[in-house]
Amino acid sequence: MRLLIITQKVDKNDPILGFFHRWIEEFAKHCQSIIVICLQKGEYDLSKNIKILSLGKEKGKSKIKYIFNFYKHIWHERKNYDAVFVHMNQEYVLLGWKFWKLWNKKIFLWRNHIKGHFITRLSVFFSNKVFCTSPQSFTARFKKTKIMPAGIDIDFFKPDFSVQRNPNSILFLGRIDPVKNVDIFVESLKKLRDEGVKFSATIGGEASDKFAEYEKIIRDKVSEYHLSDKIIFTGAVSKSEALKLYREHEFYVNATPSGSFDKTILEAMACETLPIVSNKSFIGILQKKLIFTENNPKELAEKIKRIMRLGEQEKKNIAVKLRNIVVENHSIRILTRAIFNDDNI
């Protein structure tokens with residue numbers, strides 16, 4: 001198999017998309033060669049059978065130039081790949097499908113988002129197969145879609161028992177973005193503080209330029225609620241820094257709405273950090289005591305309190321079971337086997 005991958009960014013140090021570097025590395029073990037076309041490239045360290053081509057965002061090129069480079073790359077490399085794997089950005093399916101069908105290249109789309117529209121339906125129509133991790137993803141409704149493992153690097157995300165977890169420490173990790181409901185988290189911490197619960201909290205991540213005002217609102221709210229002595233903001237978090245944060249905290253809160261299968265939840269589980277989430281995709285995976293109703297800071301605060309009150313051995317037993325779930329069902333190796341060994345690609 002000679003595979004062409006289309007993705008947003010190849011940069012092992014990127015705080016959001018750095019995980020895909022590991023995916024490419026693992027995919028290459030199942031392919032004769034891989035060509036990656038990315039919108040932007042940064043630092044990478046990949047095997048010799050992987051070729052990275054950028055559309056040029058790191059050089060500040062225009063969108064017209066990106067499109068020109070896209071067609072240039074898929075044309076020049078057309079004899080060097082057999083199939084196309086489009087990761088997340090459905091627009092590339094619409095840009096390239098006519099040529100790929102003409103050249104007899106199969107098209108595979110990975111899209112895992114609760115929202116979709118006419119463009120999504122068209123992209124699915126032109127794809128041979130679609131992959132997602134959540135049954136609540138927009139693309140899960142189509143017959144050609146297959147639910148897949150999340151692809152967590154369990155050799156990297158694992159507990160370190162030499163690291164002491166801070167008692168009653170709570171981590172919130174991800175983009176500071178309205179969809180992440182950081183405000184719900186802050187509201188729940190205010191309720192805990194008002195009830196005299198002792199805790200420390202970390203908000204890891206930063207806002208994009210688009211949501212800079214939302215981050216300001218969050219920081220102002222922390223100040224208004226007199227929580228500055230309780231909450232630390234870290235700014236952007238690299239993969240290695242995320243690992244350190246998981247290992248140092250007892251609990252991880254994720255308030256993202258249902259629909260996606262947020263990999264940070266699984267990373268926390270792999271590190272034996274207890275997750276408390278609102279995502280209904282995790283019903284049946286997490287105990288009820290670890291799931292709260294979406295947009296309900298009062299219930300989140302109650303769930304946190306109850307988990308804090310558990311005995312150390314009980315918390316440890318839950319954490320070990322949750323890591324095993326990730327190891328047995330969602331590792332990067334299980335994902336690649338599902339994609340390549342089951343004839344999905």
# chains A, B, ... in the order shown; residues from 1 in each chain; ligands from 1

$ select_by_dssp --residues "region 63-252 of chain A" --states "alpha helix (DSSP H)" --output "VMD selection string"
chain A and resid 63 to 76 91 to 102 118 to 126 182 to 194 212 to 224 239 to 248

$ residues_around --residues "Gly174 (chain A)" --least-positions-apart "3" --cutoff "10 Å" --atoms "only C-alpha atoms" --output "list of chain:residue names"
A:Pro15, A:Ile16, A:Leu171, A:Asp177, A:Lys180, A:Val182, A:Ile203, A:Gly204, A:Gly205, A:Glu206, A:Ala207, A:Gly235, A:Ala236, A:Val237, A:Ala242, A:Asn254, A:Thr256, A:Asp262, A:Thr264

$ write_last_selection --atoms "N, CA and C atoms" --output "PDB file, in the first residue's frame"
ATOM      1  N   PRO A  15       0.712  21.858  20.135  1.00  0.00           N
ATOM      2  CA  PRO A  15      -0.082  21.498  21.318  1.00  0.00           C
ATOM      3  C   PRO A  15      -1.421  20.839  21.008  1.00  0.00           C
ATOM      4  N   ILE A  16      -1.963  21.048  19.811  1.00  0.00           N
ATOM      5  CA  ILE A  16      -3.258  20.473  19.454  1.00  0.00           C
ATOM      6  C   ILE A  16      -3.102  19.295  18.489  1.00  0.00           C
ATOM      7  N   LEU A 171      -7.481  19.221  36.727  1.00  0.00           N
ATOM      8  CA  LEU A 171      -6.919  19.711  35.468  1.00  0.00           C
ATOM      9  C   LEU A 171      -8.007  19.910  34.436  1.00  0.00           C
ATOM     10  N   ASP A 177     -11.744  27.710  24.310  1.00  0.00           N
ATOM     11  CA  ASP A 177     -12.654  27.872  23.179  1.00  0.00           C
ATOM     12  C   ASP A 177     -14.068  27.687  23.718  1.00  0.00           C
ATOM     13  N   LYS A 180     -15.429  24.272  24.355  1.00  0.00           N
ATOM     14  CA  LYS A 180     -14.850  23.502  25.458  1.00  0.00           C
ATOM     15  C   LYS A 180     -15.521  23.810  26.798  1.00  0.00           C
ATOM     16  N   VAL A 182     -15.151  26.204  29.052  1.00  0.00           N
ATOM     17  CA  VAL A 182     -14.249  26.505  30.170  1.00  0.00           C
ATOM     18  C   VAL A 182     -14.988  27.276  31.249  1.00  0.00           C
ATOM     19  N   ILE A 203      -5.730  25.298  34.347  1.00  0.00           N
ATOM     20  CA  ILE A 203      -6.325  25.396  33.016  1.00  0.00           C
ATOM     21  C   ILE A 203      -5.179  25.407  32.017  1.00  0.00           C
ATOM     22  N   GLY A 204      -5.037  24.311  31.305  1.00  0.00           N
ATOM     23  CA  GLY A 204      -3.947  24.164  30.351  1.00  0.00           C
ATOM     24  C   GLY A 204      -4.428  24.421  28.935  1.00  0.00           C
ATOM     25  N   GLY A 205      -3.744  25.301  28.207  1.00  0.00           N
ATOM     26  CA  GLY A 205      -4.126  25.605  26.838  1.00  0.00           C
ATOM     27  C   GLY A 205      -4.290  27.098  26.650  1.00  0.00           C
ATOM     28  N   GLU A 206      -4.501  27.491  25.406  1.00  0.00           N
ATOM     29  CA  GLU A 206      -4.709  28.900  25.097  1.00  0.00           C
ATOM     30  C   GLU A 206      -5.751  29.022  23.999  1.00  0.00           C
ATOM     31  N   ALA A 207      -6.241  30.215  23.808  1.00  0.00           N
ATOM     32  CA  ALA A 207      -7.233  30.478  22.766  1.00  0.00           C
ATOM     33  C   ALA A 207      -6.537  30.789  21.449  1.00  0.00           C
ATOM     34  N   GLY A 235      -1.059  28.511  29.597  1.00  0.00           N
ATOM     35  CA  GLY A 235      -0.831  28.847  28.198  1.00  0.00           C
ATOM     36  C   GLY A 235      -0.762  27.579  27.365  1.00  0.00           C
ATOM     37  N   ALA A 236      -0.216  27.681  26.153  1.00  0.00           N
ATOM     38  CA  ALA A 236      -0.137  26.519  25.251  1.00  0.00           C
ATOM     39  C   ALA A 236       0.638  25.388  25.898  1.00  0.00           C
ATOM     40  N   VAL A 237       0.183  24.164  25.644  1.00  0.00           N
ATOM     41  CA  VAL A 237       0.763  22.977  26.283  1.00  0.00           C
ATOM     42  C   VAL A 237       1.232  21.999  25.212  1.00  0.00           C
ATOM     43  N   ALA A 242       1.731  18.164  28.500  1.00  0.00           N
ATOM     44  CA  ALA A 242       0.430  17.561  28.814  1.00  0.00           C
ATOM     45  C   ALA A 242       0.617  16.311  29.662  1.00  0.00           C
ATOM     46  N   ASN A 254     -13.532  17.479  31.678  1.00  0.00           N
ATOM     47  CA  ASN A 254     -13.763  17.812  30.268  1.00  0.00           C
ATOM     48  C   ASN A 254     -15.243  18.126  30.111  1.00  0.00           C
ATOM     49  N   THR A 256     -16.600  19.391  27.198  1.00  0.00           N
ATOM     50  CA  THR A 256     -16.956  19.459  25.781  1.00  0.00           C
ATOM     51  C   THR A 256     -18.267  18.725  25.538  1.00  0.00           C
ATOM     52  N   ASP A 262     -13.328  12.985  22.541  1.00  0.00           N
ATOM     53  CA  ASP A 262     -12.178  13.818  22.855  1.00  0.00           C
ATOM     54  C   ASP A 262     -11.008  12.981  23.355  1.00  0.00           C
ATOM     55  N   THR A 264      -8.278  13.814  24.711  1.00  0.00           N
ATOM     56  CA  THR A 264      -7.667  14.188  25.984  1.00  0.00           C
ATOM     57  C   THR A 264      -8.269  13.401  27.146  1.00  0.00           C
TER      58      THR A 264
END

$ atom_distance --atom1 "CA of Asp155 (chain A)" --atom2 "CA of Ile334 (chain A)"
12.8 Å

$ atom_distance --atom1 "CA of Met148 (chain A)" --atom2 "CA of Asp343 (chain A)"
13.3 Å

$ closest_residue --among "A:Leu3, A:Leu300, A:Ile218, A:Cys132" --to "Asn80 (chain A)" --atoms "only C-alpha atoms"
A:Leu3

$ residues_around --residues "Leu335 (chain A)" --least-positions-apart "5" --cutoff "9 Å" --atoms "only C-alpha atoms" --output "JSON, numbers by chain"
{"A": [148, 149, 150, 151, 152, 329, 330, 340]}

$ select_by_dssp --residues "region 228-294 of chain A" --states "strand (DSSP E)" --output "PyMOL selection string"
chain A and resi 231-235+249-254+274-277

$ write_last_selection --atoms "C-alpha atoms" --output "mmCIF file, in the first residue's frame"
data_model
loop_
_atom_site.group_PDB
_atom_site.id
_atom_site.type_symbol
_atom_site.label_atom_id
_atom_site.label_comp_id
_atom_site.auth_asym_id
_atom_site.auth_seq_id
_atom_site.Cartn_x
_atom_site.Cartn_y
_atom_site.Cartn_z
ATOM 1 C CA ILE A 231 -6.378 28.395 39.415
ATOM 2 C CA ILE A 232 -3.189 28.436 37.334
ATOM 3 C CA PHE A 233 -3.224 29.219 33.600
ATOM 4 C CA THR A 234 -0.382 27.517 31.724
ATOM 5 C CA GLY A 235 -0.831 28.847 28.198
ATOM 6 C CA HIS A 249 -3.247 15.966 38.873
ATOM 7 C CA GLU A 250 -5.752 13.648 40.532
ATOM 8 C CA PHE A 251 -8.715 14.618 38.356
ATOM 9 C CA TYR A 252 -9.316 15.738 34.803
ATOM 10 C CA VAL A 253 -12.481 17.657 33.839
ATOM 11 C CA ASN A 254 -13.763 17.812 30.268
ATOM 12 C CA LEU A 274 -9.649 10.228 36.940
ATOM 13 C CA PRO A 275 -11.837 11.946 34.310
ATOM 14 C CA ILE A 276 -15.120 13.729 35.012
ATOM 15 C CA VAL A 277 -16.869 14.468 31.716
#

$ residues_around --residues "Ile34 (chain A)" --least-positions-apart "3" --cutoff "8 Å" --atoms "only C-alpha atoms" --output "VMD selection string"
chain A and resid 2 to 5 28 31 49 to 51 81

$ residues_around --residues "region 112-120 of chain A" --least-positions-apart "2" --cutoff "7 Å" --atoms "only C-alpha atoms" --output "PyMOL selection string"
chain A and resi 90+110+122-124+132-134+136-138+259-260

$ residues_around --residues "Gly96 (chain A)" --least-positions-apart "5" --cutoff "9 Å" --atoms "only C-alpha atoms" --output "list in words"
Phe70, Tyr71, Ile74, Glu91 and Lys101 of chain A

$ closest_residue --among "A:Arg323, A:Lys61, A:Lys106, A:Lys288" --to "Pro159 (chain A)" --atoms "only C-alpha atoms"
A:Arg323

$ closest_residue --among "A:Lys57, A:Lys263, A:Lys79, A:Lys29" --to "Ser331 (chain A)" --atoms "only C-alpha atoms"
A:Lys263

$ atom_distance --atom1 "CA of Arg121 (chain A)" --atom2 "CA of Ile52 (chain A)"
28.9 Å

$ residues_around --residues "Val197 (chain A)" --least-positions-apart "3" --cutoff "10 Å" --atoms "only C-alpha atoms" --output "ChimeraX atom specification"
/A:168,189-194,200,301,304-305,308

$ closest_residue --among "A:Asn341, A:Asn324, A:Gln8, A:Thr336" --to "Val86 (chain A)" --atoms "only C-alpha atoms"
A:Gln8
